[in-house]
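Asks: File protein08.json follows (JSON, C-alpha atoms):
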[["chain", "number", "residue", "atom", "x", "y", "z"],
["A", 1, "MET", "CA", 2.40, 37.57, 66.91],
["A", 2, "ALA", "CA", 4.15, 39.75, 64.32],
["A", 3, "VAL", "CA", 6.97, 37.18, 64.09],
["A", 4, "LYS", "CA", 4.50, 34.40, 63.25],
["A", 5, "ARG", "CA", 2.89, 36.52, 60.56],
["A", 6, "GLU", "CA", 6.30, 37.34, 59.06],
["A", 7, "LEU", "CA", 7.22, 33.63, 59.10],
["A", 8, "TRP", "CA", 3.98, 32.76, 57.29],
["A", 9, "LEU", "CA", 4.59, 35.47, 54.71],
["A", 10, "ILE", "CA", 8.14, 34.21, 54.14],
["A", 11, "PHE", "CA", 6.86, 30.62, 53.87],
["A", 12, "ILE", "CA", 4.20, 31.63, 51.32],
["A", 13, "LEU", "CA", 6.76, 33.69, 49.39],
["A", 14, "VAL", "CA", 9.15, 30.68, 49.24],
["A", 15, "ILE", "CA", 6.32, 28.47, 47.91],
["A", 16, "VAL", "CA", 5.38, 31.02, 45.24],
["A", 17, "ILE", "CA", 9.03, 31.32, 44.16],
["A", 18, "ALA", "CA", 9.37, 27.51, 43.98],
["A", 19, "ILE", "CA", 6.24, 27.29, 41.84],
["A", 20, "LEU", "CA", 7.51, 30.03, 39.53],
["A", 21, "ILE", "CA", 10.91, 28.34, 39.15],
["A", 22, "SER", "CA", 9.33, 24.97, 38.32],
["A", 23, "PHE", "CA", 6.99, 26.65, 35.83],
["A", 24, "ILE", "CA", 9.89, 28.44, 34.12],
["A", 25, "SER", "CA", 12.00, 25.27, 33.89],
["A", 26, "PHE", "CA", 9.01, 23.34, 32.50],
["A", 27, "PHE", "CA", 8.49, 26.06, 29.91],
["A", 28, "ASN", "CA", 12.19, 25.97, 28.93],
["A", 29, "ILE", "CA", 12.11, 22.19, 28.40],
["A", 30, "ASN", "CA", 9.04, 22.53, 26.17],
["A", 31, "VAL", "CA", 10.62, 25.33, 24.16],
["A", 32, "GLU", "CA", 13.70, 23.19, 23.55],
["A", 33, "GLN", "CA", 11.56, 20.18, 22.60],
["A", 34, "ALA", "CA", 9.60, 22.41, 20.25],
["A", 35, "ASP", "CA", 12.90, 23.56, 18.69],
["A", 36, "ALA", "CA", 14.01, 19.94, 18.23],
["A", 37, "LYS", "CA", 10.66, 19.03, 16.69],
["A", 38, "LYS", "CA", 10.73, 22.01, 14.32],
["A", 39, "PHE", "CA", 14.31, 21.24, 13.23],
["A", 40, "VAL", "CA", 13.49, 17.58, 12.51],
["A", 41, "GLN", "CA", 10.26, 18.40, 10.64],
["A", 42, "GLU", "CA", 12.08, 20.90, 8.41],
["A", 43, "ASP", "CA", 14.89, 18.42, 7.72],
["A", 44, "LEU", "CA", 12.40, 15.63, 6.90],
["A", 45, "ARG", "CA", 10.58, 17.93, 4.44],
["A", 46, "THR", "CA", 13.91, 18.70, 2.75],
["A", 47, "LYS", "CA", 15.22, 15.12, 2.62],
["A", 48, "PHE", "CA", 11.89, 13.43, 1.81],
["A", 49, "PRO", "CA", 9.74, 16.05, 0.03],
["A", 50, "ASN", "CA", 7.06, 13.65, -1.27],
["A", 51, "ALA", "CA", 6.90, 11.32, 1.73],
["A", 52, "ASP", "CA", 4.48, 11.16, 4.64],
["A", 53, "THR", "CA", 6.47, 11.87, 7.82],
["A", 54, "GLU", "CA", 5.78, 11.85, 11.54],
["A", 55, "ILE", "CA", 7.81, 12.30, 14.71],
["A", 56, "LEU", "CA", 7.37, 9.14, 16.78],
["A", 57, "SER", "CA", 9.25, 10.09, 19.94],
["A", 58, "ILE", "CA", 11.42, 12.75, 21.54],
["A", 59, "THR", "CA", 13.60, 11.56, 24.42],
["A", 60, "GLU", "CA", 15.66, 13.85, 26.63],
["A", 61, "LYS", "CA", 19.22, 12.56, 27.24],
["A", 62, "LYS", "CA", 22.55, 13.78, 28.64],
["A", 63, "ASP", "CA", 25.89, 13.66, 26.84],
["A", 64, "GLU", "CA", 29.31, 12.88, 28.35],
["A", 65, "LYS", "CA", 29.58, 16.50, 29.53],
["A", 66, "ASP", "CA", 26.19, 16.20, 31.28],
["A", 67, "GLN", "CA", 24.59, 18.55, 28.74],
["A", 68, "LYS", "CA", 21.03, 17.94, 27.72],
["A", 69, "TYR", "CA", 20.08, 16.93, 24.17],
["A", 70, "PHE", "CA", 17.07, 15.28, 22.53],
["A", 71, "GLU", "CA", 17.03, 11.99, 20.65],
["A", 72, "VAL", "CA", 14.26, 12.15, 18.05],
["A", 73, "LYS", "CA", 12.82, 9.15, 16.21],
["A", 74, "ALA", "CA", 10.85, 9.86, 13.04],
["A", 75, "ARG", "CA", 8.81, 7.79, 10.58],
["A", 76, "VAL", "CA", 9.13, 8.28, 6.84],
["A", 77, "THR", "CA", 6.66, 6.57, 4.50],
["A", 78, "LYS", "CA", 7.33, 6.87, 0.79],
["A", 79, "TYR", "CA", 4.43, 6.11, -1.59],
["A", 80, "PRO", "CA", 1.89, 5.95, 1.29],
["A", 81, "ASN", "CA", -1.18, 5.32, -0.90],
["A", 82, "SER", "CA", 0.45, 2.71, -3.12],
["A", 83, "ALA", "CA", 0.43, -1.07, -3.05],
["A", 84, "CYS", "CA", 4.07, -1.02, -1.93],
["A", 85, "PRO", "CA", 4.65, 1.71, 0.66],
["A", 86, "GLU", "CA", 8.22, 2.02, 1.88],
["A", 87, "ARG", "CA", 8.64, 2.78, 5.58],
["A", 88, "LEU", "CA", 11.78, 3.65, 7.45],
["A", 89, "HIS", "CA", 12.62, 5.06, 10.86],
["A", 90, "THR", "CA", 15.32, 7.71, 11.04],
["A", 91, "TYR", "CA", 17.03, 9.19, 14.09],
["A", 92, "TYR", "CA", 18.25, 12.67, 15.03],
["A", 93, "ASN", "CA", 20.11, 14.22, 17.94],
["A", 94, "TYR", "CA", 19.25, 17.85, 18.71],
["A", 95, "PRO", "CA", 21.46, 19.72, 19.11],
["A", 96, "LYS", "CA", 23.93, 17.57, 17.15],
["A", 97, "GLN", "CA", 26.24, 15.40, 19.22],
["A", 98, "ASN", "CA", 29.77, 14.17, 18.45],
["A", 99, "PHE", "CA", 28.67, 10.55, 18.11],
["A", 100, "VAL", "CA", 27.11, 9.09, 14.97],
["A", 101, "ASN", "CA", 23.34, 8.64, 14.77],
["A", 102, "PRO", "CA", 22.10, 5.06, 14.36],
["A", 103, "PRO", "CA", 21.51, 4.11, 10.72],
["A", 104, "ASP", "CA", 18.00, 4.36, 9.31],
["A", 105, "GLU", "CA", 15.88, 1.36, 10.22],
["A", 106, "ILE", "CA", 14.24, -0.05, 7.06],
["A", 107, "ILE", "CA", 10.79, -1.44, 7.86],
["A", 108, "THR", "CA", 9.47, -2.12, 4.34],
["A", 109, "LYS", "CA", 11.22, -2.02, 0.99],
["A", 110, "ASN", "CA", 10.77, -3.67, -2.42],
["A", 111, "CYS", "CA", 7.19, -4.69, -1.55],
["A", 112, "VAL", "CA", 8.33, -7.54, 0.73],
["A", 113, "VAL", "CA", 7.26, -8.46, 4.26],
["A", 114, "CYS", "CA", 7.73, -11.69, 6.16],
["A", 115, "ALA", "CA", 9.93, -13.10, 3.40],
["A", 116, "ASP", "CA", 11.82, -15.56, 5.64],
["A", 117, "PRO", "CA", 9.59, -18.56, 6.44],
["A", 118, "ASP", "CA", 11.92, -19.60, 9.28],
["A", 119, "LYS", "CA", 11.35, -16.37, 11.21],
["A", 120, "GLN", "CA", 8.29, -15.35, 13.20],
["A", 121, "CYS", "CA", 6.19, -12.99, 11.09],
["A", 122, "VAL", "CA", 4.93, -9.88, 12.86],
["A", 123, "LEU", "CA", 2.98, -7.19, 11.04],
["A", 124, "ALA", "CA", 3.68, -4.31, 13.40],
["A", 125, "PHE", "CA", 3.02, -1.39, 11.05],
["A", 126, "PRO", "CA", 0.22, -0.45, 8.63],
["A", 127, "GLU", "CA", 2.62, -0.37, 5.67],
["A", 128, "GLU", "CA", 3.44, -4.03, 6.30],
["A", 129, "ALA", "CA", -0.26, -4.87, 6.42],
["A", 130, "VAL", "CA", -0.85, -3.13, 3.06],
["A", 131, "ILE", "CA", 1.89, -5.14, 1.38],
["A", 132, "ALA", "CA", 0.72, -8.40, 2.97],
["A", 133, "SER", "CA", -2.86, -7.73, 1.83],
["A", 134, "HIS", "CA", -1.94, -8.43, -1.80],
["A", 135, "THR", "CA", 1.29, -10.46, -1.66],
["A", 136, "PHE", "CA", 0.47, -13.23, 0.81],
["A", 137, "LYS", "CA", -0.77, -16.61, -0.37],
["A", 138, "GLY", "CA", -4.56, -16.42, -0.73],
["A", 139, "THR", "CA", -4.62, -12.74, -1.77],
["A", 140, "GLU", "CA", -4.09, -13.23, -5.51],
["A", 141, "GLN", "CA", -7.52, -11.77, -6.40],
["A", 142, "VAL", "CA", -6.66, -8.62, -4.46],
["A", 143, "ASP", "CA", -3.40, -8.29, -6.38],
["A", 144, "ASN", "CA", -5.33, -8.67, -9.66],
["A", 145, "TYR", "CA", -7.84, -6.03, -8.51],
["A", 146, "ILE", "CA", -5.01, -3.57, -7.72],
["A", 147, "LYS", "CA", -3.33, -4.18, -11.08],
["A", 148, "GLY", "CA", -6.67, -3.77, -12.89],
["A", 149, "GLU", "CA", -7.74, -0.62, -11.05],
["A", 150, "ALA", "CA", -5.01, 2.00, -11.45],
["A", 151, "SER", "CA", -6.72, 4.29, -8.94],
["A", 152, "ALA", "CA", -7.06, 1.63, -6.21],
["A", 153, "THR", "CA", -5.84, 2.83, -2.81],
["A", 154, "PRO", "CA", -5.67, 1.15, 0.59],
["A", 155, "THR", "CA", -7.24, 2.12, 3.88],
["A", 156, "VAL", "CA", -5.85, 0.44, 6.98],
["A", 157, "LYS", "CA", -7.09, 0.12, 10.53],
["A", 158, "GLN", "CA", -5.97, -1.99, 13.43],
["A", 159, "VAL", "CA", -8.51, -3.98, 15.44],
["A", 160, "SER", "CA", -7.29, -5.89, 18.52],
["A", 161, "ASN", "CA", -4.76, -8.38, 17.12],
["A", 162, "SER", "CA", -5.35, -7.93, 13.41],
["A", 163, "TRP", "CA", -5.31, -5.45, 10.55],
["A", 164, "ILE", "CA", -8.25, -4.64, 8.30],
["A", 165, "ILE", "CA", -7.16, -3.42, 4.87],
["A", 166, "ILE", "CA", -9.73, -2.12, 2.40],
["A", 167, "TRP", "CA", -8.72, -1.76, -1.24],
["A", 168, "GLY", "CA", -11.09, 0.45, -3.21],
["A", 169, "SER", "CA", -11.30, 2.75, -6.17],
["A", 170, "ASP", "CA", -13.67, 5.60, -7.00],
["A", 171, "VAL", "CA", -14.33, 4.13, -10.44],
["A", 172, "ALA", "CA", -14.76, 0.45, -9.43],
["A", 173, "SER", "CA", -18.11, -1.08, -8.53],
["A", 174, "SER", "CA", -16.55, -3.29, -5.85],
["A", 175, "PHE", "CA", -13.83, -3.28, -3.22],
["A", 176, "TYR", "CA", -11.87, -5.82, -1.19],
["A", 177, "GLU", "CA", -11.72, -6.13, 2.56],
["A", 178, "ILE", "CA", -8.83, -8.18, 3.89],
["A", 179, "GLU", "CA", -8.16, -9.14, 7.50],
["A", 180, "ILE", "CA", -4.70, -10.31, 8.50],
["A", 181, "ALA", "CA", -3.62, -11.19, 12.03],
["A", 182, "ARG", "CA", -0.63, -9.34, 13.43],
["A", 183, "ASN", "CA", 1.22, -12.68, 13.38],
["A", 184, "GLY", "CA", 0.88, -12.77, 9.57],
["A", 185, "THR", "CA", -2.01, -15.23, 9.35],
["A", 186, "LEU", "CA", -4.51, -14.40, 6.62],
["A", 187, "ILE", "CA", -7.95, -14.41, 8.24],
["A", 188, "SER", "CA", -10.24, -13.40, 5.38],
["A", 189, "VAL", "CA", -10.49, -11.88, 1.91],
["A", 190, "ASN", "CA", -13.91, -10.55, 0.93],
["A", 191, "LYS", "CA", -14.98, -8.90, -2.29],
["A", 192, "LYS", "CA", -17.88, -6.54, -1.68],
["A", 193, "ALA", "CA", -20.12, -4.53, -3.97],
["A", 194, "LYS", "CA", -20.27, -0.81, -3.35],
["A", 195, "GLU", "CA", -23.56, 0.49, -2.03],
["A", 196, "ILE", "CA", -25.20, 2.92, -4.38]]
What does this structure look like when you write it as structure tokens?
Replies:
Amino acid sequence: MAVKRELWLIFILVIVIAILISFISFFNINVEQADAKKFVQEDLRTKFPNADTEILSITEKKDEKDQKYFEVKARVTKYPNSACPERLHTYYNYPKQNFVNPPDEIITKNCVVCADPDKQCVLAFPEEAVIASHTFKGTEQVDNYIKGEASATPTVKQVSNSWIIIWGSDVASSFYEIEIARNGTLISVNKKAKEI
């Protein structure tokens, strides 16, 4: 009887130790991810002081020596409230690895999206939708509104397979609501009076 009790106590002790080890290793991974995130955020603030930045993903990987590192993908949006936001994705390895990081991926630049008519147009990001809302054929009145209202700013939201972009200004009596499908098709342009 005493042997059974000792076996049960040993079994319970082994389970408790296993739980503690898994908890400690989970905590260590999170601490390292937190370190990677902090490093990238500080570097983004230094490199892009006036931009809107966000970490998009942190992926754990192993190098050729089987040592763990994190690949971090970050978004940088310059001029986020303008008619021509510039978006890029930049990559980091934490801690640094011997191989070269991929080059920055330019998403929007020079206020152009879907410039090649032979390629499929996909508006995957809000910055692309903002640019399309005043540069696509059929949005000329929106472009005139933006040029005439220096304080006009966009608000963007995604609904199912399209983007809704609202251009408004605190000093204007009207605003524009534009809907563009994610495939680049202009659905509607509506000028609306502000409610008082």
Asks: Looking at A:Lys157, A:Lys192, A:Lys47, A:Lys37, which one is nearest to Lys78 (chain A), with distances taken over all atoms listed in the file?
Replies: A:Lys47
Asks: Counting all atoms listed in the file, which residue out of A:Glu64, A:Arg182, A:Lys73, A:Ser173 sits closest to Phe99 (chain A)?
Replies: A:Glu64
Asks: Please write as a list in words the list of polymer residues whose atoms come within 7 Å of (8.2, 9.8, 9.3), counting all atoms listed in the file and keeping to the coordinates of the file.
Replies: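 Applying the cut-off with all atoms listed in the file, one gets Asp52, Thr53, Glu54, Ile55, Ala74, Arg75, Val76, Thr77 and His89 of chain A.
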Asks: When you count all atoms listed in the file, which of these residues is closest to Asn190 (chain A): A:Gly138, A:Pro117, A:Pro102, A:Pro126?
Replies: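 Using all atoms listed in the file, Asn190 (chain A) sits closest to A:Gly138.
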Asks: Would you mind telling me which residue in A:Leu44, A:Ala34, A:Ile12, A:Val142 lies nearest to Glu177 (chain A) when using all atoms listed in the file?
Replies: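 The answer is A:Val142, which sits nearest to Glu177 (chain A).
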Asks: For Ile107 (chain A), list every protein, DNA or RNA residue within 8 Å, evaluated using all atoms listed in the file, and leave out those in the same chain fewer than 5 positions away; present the list as a PyMOL selection string.
Replies: chain A and resi 86-89+128
Asks: What lies within 8 Å of Cys111 (chain A) using all atoms listed in the file, ignoring chain neighbours under 2 positions off, as a PyMOL selection string?
Replies: chain A and resi 83-86+108-109+113+131
Asks: So that I can check the surroundings of Ser82 (chain A), please list as a list in words every protein, DNA and RNA residue that reaches within 8 Å of it, counting only C-alpha atoms and ignoring chain neighbours fewer than 3 positions away.
Replies: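 The residues satisfying every condition are Tyr79, Pro85, Thr153 and Pro154 of chain A.
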Asks: Write the selection just made, keeping C-alpha atoms, as a short mmCIF file (atom, residue, chain, number, x, y, z; two decimals), keeping the file's coordinate frame?
Replies:
data_model
loop_
_atom_site.label_atom_id
_atom_site.label_comp_id
_atom_site.auth_asym_id
_atom_site.auth_seq_id
_atom_site.Cartn_x
_atom_site.Cartn_y
_atom_site.Cartn_z
CA TYR A 79 4.43 6.11 -1.59
CA PRO A 85 4.65 1.71 0.66
CA THR A 153 -5.84 2.83 -2.81
CA PRO A 154 -5.67 1.15 0.59
#
